[in-house]
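Peer 1: Below is a structure I'd like to ask you about.
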Amino acid sequence: MRKAVAIGAIGLGAALLSASAAGAGDGKAAAQDLGCTACHAAQTKLVGPSYQAVSEKYGADQGSILERIKMAVENGASGTWSATTGGTPMPPQPQAAGKTDKLETIAAWIAAMAD
């Protein structure tokens with residue numbers, strides 16, 4: 001019986017890693033689809049902060065990240081990342097506004113990036 005449990009645990013671990021990798025691919029694809037990657041990258045500051053920096057700033061809290069993304073996409077944003085961006089504001093992103101499913105996927109991907 002123990003062998004079955006061990007094998008089951010290994011299978012579960014592999015399934016979770018697969019789901020995590022799929023989620024990462026989905027988040028990256030959603031960010032690309034909405035045009036986010038024109039100014040943001042996973043680990044490198046471009047025009048805006050890296051997704052990893054966002055995750056760390058918000059304590060990997062997916063809900064907080066999602067709310068910040070929604071507000072920034074709908075209204076634009078400035079001030080929060082001035083030290084990182086040199087004061088460059090984020091303009092509203094109408095192509096992403098209201099795309100809640102994709103924004104949730106992006107927020108989950110970003111939340112998983114915290115060290």
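Numbering starts fresh at 1 for the residues of each chain in the structure tokens, the chains themselves are lettered A, B, ... in the order given, and ligands are numbered from 1 as they appear.
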Extract, using only C-alpha atoms, all DNA, RNA and protein residues at most 10 Å from Gly86 (chain A), discarding same-chain residues fewer than 5 positions from it, and format them as an NGL selection string.
Peer 2: :A and (47-48 or 79 or 81)
Peer 1: Take the residues from that selection and put them in a file with N, CA, C and O atoms, as a JSON list (two decimals), in the first residue's frame.
Peer 2:
```
[["chain", "number", "residue", "atom", "x", "y", "z"],
["A", 47, "VAL", "N", 9.99, 49.58, -19.82],
["A", 47, "VAL", "CA", 9.43, 50.91, -19.54],
["A", 47, "VAL", "C", 8.80, 50.88, -18.14],
["A", 47, "VAL", "O", 8.98, 51.78, -17.35],
["A", 48, "GLY", "N", 8.09, 49.81, -17.86],
["A", 48, "GLY", "CA", 7.47, 49.62, -16.55],
["A", 48, "GLY", "C", 8.21, 48.57, -15.75],
["A", 48, "GLY", "O", 9.17, 47.96, -16.23],
["A", 79, "GLY", "N", 3.10, 57.29, -10.27],
["A", 79, "GLY", "CA", 3.52, 57.51, -8.90],
["A", 79, "GLY", "C", 3.99, 56.28, -8.16],
["A", 79, "GLY", "O", 4.98, 56.33, -7.45],
["A", 81, "TRP", "N", 5.41, 53.53, -9.14],
["A", 81, "TRP", "CA", 6.69, 52.98, -9.61],
["A", 81, "TRP", "C", 7.63, 54.08, -10.12],
["A", 81, "TRP", "O", 8.54, 53.81, -10.91]]
```
Peer 1: In Å, rounded to a single decimal, give me how far CA of Ala77 (chain A) is from CA of Pro94 (chain A).
Peer 2: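 About the pair CA of Pro94 (chain A) and CA of Ala77 (chain A): they are 13.3 Å apart.
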Peer 1: Quick one: residues within 8 Å of Met113 (chain A), only C-alpha atoms counted, chain neighbours fewer than 5 positions away excluded, as a PyMOL selection string?
Peer 2: chain A and resi 51-52+55-56+60
Peer 1: Would you write out those residues with N, CA and C atoms, as a PDB file, in the first residue's frame?
Peer 2:
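Output (again-v4.pdb):
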```pdb
ATOM      1  N   TYR A  51       7.434  41.981 -13.902  1.00  0.00           N
ATOM      2  CA  TYR A  51       6.340  41.280 -13.228  1.00  0.00           C
ATOM      3  C   TYR A  51       6.813  40.725 -11.885  1.00  0.00           C
ATOM      4  N   GLN A  52       8.066  40.291 -11.802  1.00  0.00           N
ATOM      5  CA  GLN A  52       8.591  39.781 -10.547  1.00  0.00           C
ATOM      6  C   GLN A  52       8.607  40.883  -9.484  1.00  0.00           C
ATOM      7  N   SER A  55       5.117  41.330  -8.217  1.00  0.00           N
ATOM      8  CA  SER A  55       4.765  40.246  -7.304  1.00  0.00           C
ATOM      9  C   SER A  55       5.355  40.481  -5.923  1.00  0.00           C
ATOM     10  N   GLU A  56       6.616  40.868  -5.887  1.00  0.00           N
ATOM     11  CA  GLU A  56       7.272  41.096  -4.599  1.00  0.00           C
ATOM     12  C   GLU A  56       6.672  42.296  -3.867  1.00  0.00           C
ATOM     13  N   ALA A  60       3.055  38.748  -3.352  1.00  0.00           N
ATOM     14  CA  ALA A  60       2.538  37.600  -4.107  1.00  0.00           C
ATOM     15  C   ALA A  60       1.037  37.401  -3.876  1.00  0.00           C
TER      16      ALA A  60
END
```
